[in-house]
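**Q** The structure follows.
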Amino acid sequence: DAGITQSPRHKVTETGTPVTLRCHQTENHRYMYWYRQDPGHGLRLIHYSYGVKDTDKGEVSDGYSVSRSKTEDFLLTLESATSSQTSVYFCAISEGGYEQYFGPGTRLTVT
Amino acid sequence: AQSVSQHNHHVILSEAASLELGCNYSYGGTVNLFWYVQYPGQHLQLLLKYFSGDPLVKGIKGFEAEFIKSKFSFNLRKPSVQWSDTAEYFCAVKGTGGFKTIFGAGTRLFVKA
């Protein structure tokens, strides 16, 4: 398995609170991605990064921001969590933008 | 718009039955194609991939997929499924010039022992 960790693995938070999810890789891959997985929707891309400090929006970026200050870390922030952001969040990495390797996921519940 | 369509949302098979999961994509250009598998409680793992060459691609655990360019399809097959193949399967497409991948909604496969 690729060296990808996500933290926390589980989180319950209240509506309106900020939340930050962390993805850490030890593979030195250039590309990093944040997805959310919801039943019936598969994986939907939130944000991605193609290098340190180089990020761009995916298809469901509203309400989310990201930062990548080091190659190995990619942070996803929910500025003010809403119930619609209850989901499982996966980080993925890729070298050359080809196949992706996924982290173990973070289950986030917003009450 | 780019999209991936997986025809079956839920499939139930008995052990030793043959499997075919449909995948069609919409993309204006050359593509790389993937099938990923997610076992219960786990993260996605690559099952197989197509970049170029022989349109019949073999992956891990006896899976294969055929790329039919004229039909914009990349169907997944396995001659004889096992109980351990119970999982969710995702088809995905990426344009060869980019690095964003579009995933289908997934197909949940349940194999009865």
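Residue names in the structure tokens use chain letters A, B, ... in the order shown, residue numbers from 1 in each chain, and ligand numbers from 1 in the order shown.
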Quick check: residues of chain B within 12 Å of chain A, only C-alpha atoms, returned as number ranges by chain.
**A** B: 1-6, 8-10, 31-51, 88-108
**Q** Going by DSSP on the backbone, which residues of chain B come out as strand (DSSP E or B)? List them as JSON, numbers by chain.
**A** {"B": [3, 4, 5, 6, 10, 11, 12, 13, 14, 19, 20, 21, 23, 24, 25, 26, 31, 32, 33, 34, 35, 36, 37, 38, 45, 46, 47, 48, 49, 50, 56, 57, 58, 64, 65, 66, 67, 68, 73, 74, 75, 76, 77, 78, 87, 88, 89, 90, 91, 92, 93, 94, 95, 101, 102, 103, 107, 108, 109, 110, 111, 112]}
**Q** Could you list, as a VMD selection string, every residue within 9 Å of A:Tyr89, counting only C-alpha atoms and ignoring same-chain residues fewer than 2 positions away?
**A** chain A and resid 21 34 to 37 87 91 105 to 108
**Q** Produce a file of the selected residues containing C-alpha atoms, as a PDB file, in the first residue's frame.
**A**
ATOM      1  CA  LEU A  21      -8.758  17.199   7.629  1.00  0.00           C
ATOM      2  CA  TRP A  34      -9.540  15.353  -1.993  1.00  0.00           C
ATOM      3  CA  TYR A  35     -12.752  13.470  -2.773  1.00  0.00           C
ATOM      4  CA  ARG A  36     -15.992  12.948  -0.965  1.00  0.00           C
ATOM      5  CA  GLN A  37     -17.888   9.688  -1.245  1.00  0.00           C
ATOM      6  CA  SER A  87     -19.617  12.271   4.190  1.00  0.00           C
ATOM      7  CA  CYS A  91      -7.370  11.699  -0.074  1.00  0.00           C
ATOM      8  CA  GLY A 105     -10.662   7.816   4.530  1.00  0.00           C
ATOM      9  CA  THR A 106     -12.148  10.111   7.163  1.00  0.00           C
ATOM     10  CA  ARG A 107     -15.745   9.689   8.231  1.00  0.00           C
ATOM     11  CA  LEU A 108     -17.135  13.116   9.089  1.00  0.00           C
TER      12      LEU A 108
END
**Q** DSSP on the backbone: what in stretch 41-109 of chain B comes out helix (DSSP H, G or I), as a list in words?
**A** Ile60, Lys61, Gly62, Lys69, Ser70, Lys71, Trp83, Ser84 and Asp85 of chain B
**Q** For B:Glu15, work out the shell of residues within 8 Å, counting only C-alpha atoms and skipping chain neighbours fewer than 6 positions away, then give it as a list in words.
**A**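 Once the adjacent positions are removed, what remains is Ser80, Val81, Gln82, Trp83, Val111, Lys112 and Ala113 of chain B.
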**Q** Any idea what the distance is between atom CA of B:Asn24 and atom CA of B:Phe72?
**A** 5.6 Å
**Q** Just want the 12 Å neighbourhood of B:Gly53, counted on only C-alpha atoms, with same-chain residues fewer than 5 positions away dropped. Output as a list in words.
**A** Asn32, Glu66, Phe67, Ile68 and Lys69 of chain B
**Q** Would you pick out the contacts of A:Arg68 at 7 Å or less, using only C-alpha atoms, so that residues sharing its chain but fewer than 5 positions from it are not included, and give the list as JSON, numbers by chain?
**A** {"A": [52, 53, 73, 74, 75]}
**Q** Go through A:Thr20, A:Lys11, A:Met32, A:Lys70 and flag the residue nearest A:Thr55, using only C-alpha atoms for the distances.
**A**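 Of A:Thr20, A:Lys11, A:Met32, A:Lys70, the one nearest A:Thr55, counting only C-alpha atoms, is A:Met32.
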**Q** Name the closest residue to A:Leu78 among the candidates A:Gly51, A:Gly16, A:Pro8, A:Gly63; distances are taken between atoms, counting only C-alpha atoms.
**A**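 Closest to A:Leu78, using only C-alpha atoms: A:Gly63.
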**Q** Restricting the calculation to only C-alpha atoms, which member of A:Ile93, A:Val60, A:Ala81, A:Leu76 is positioned closest to A:Glu27?
**A**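 The answer is A:Ile93, which sits nearest to A:Glu27.
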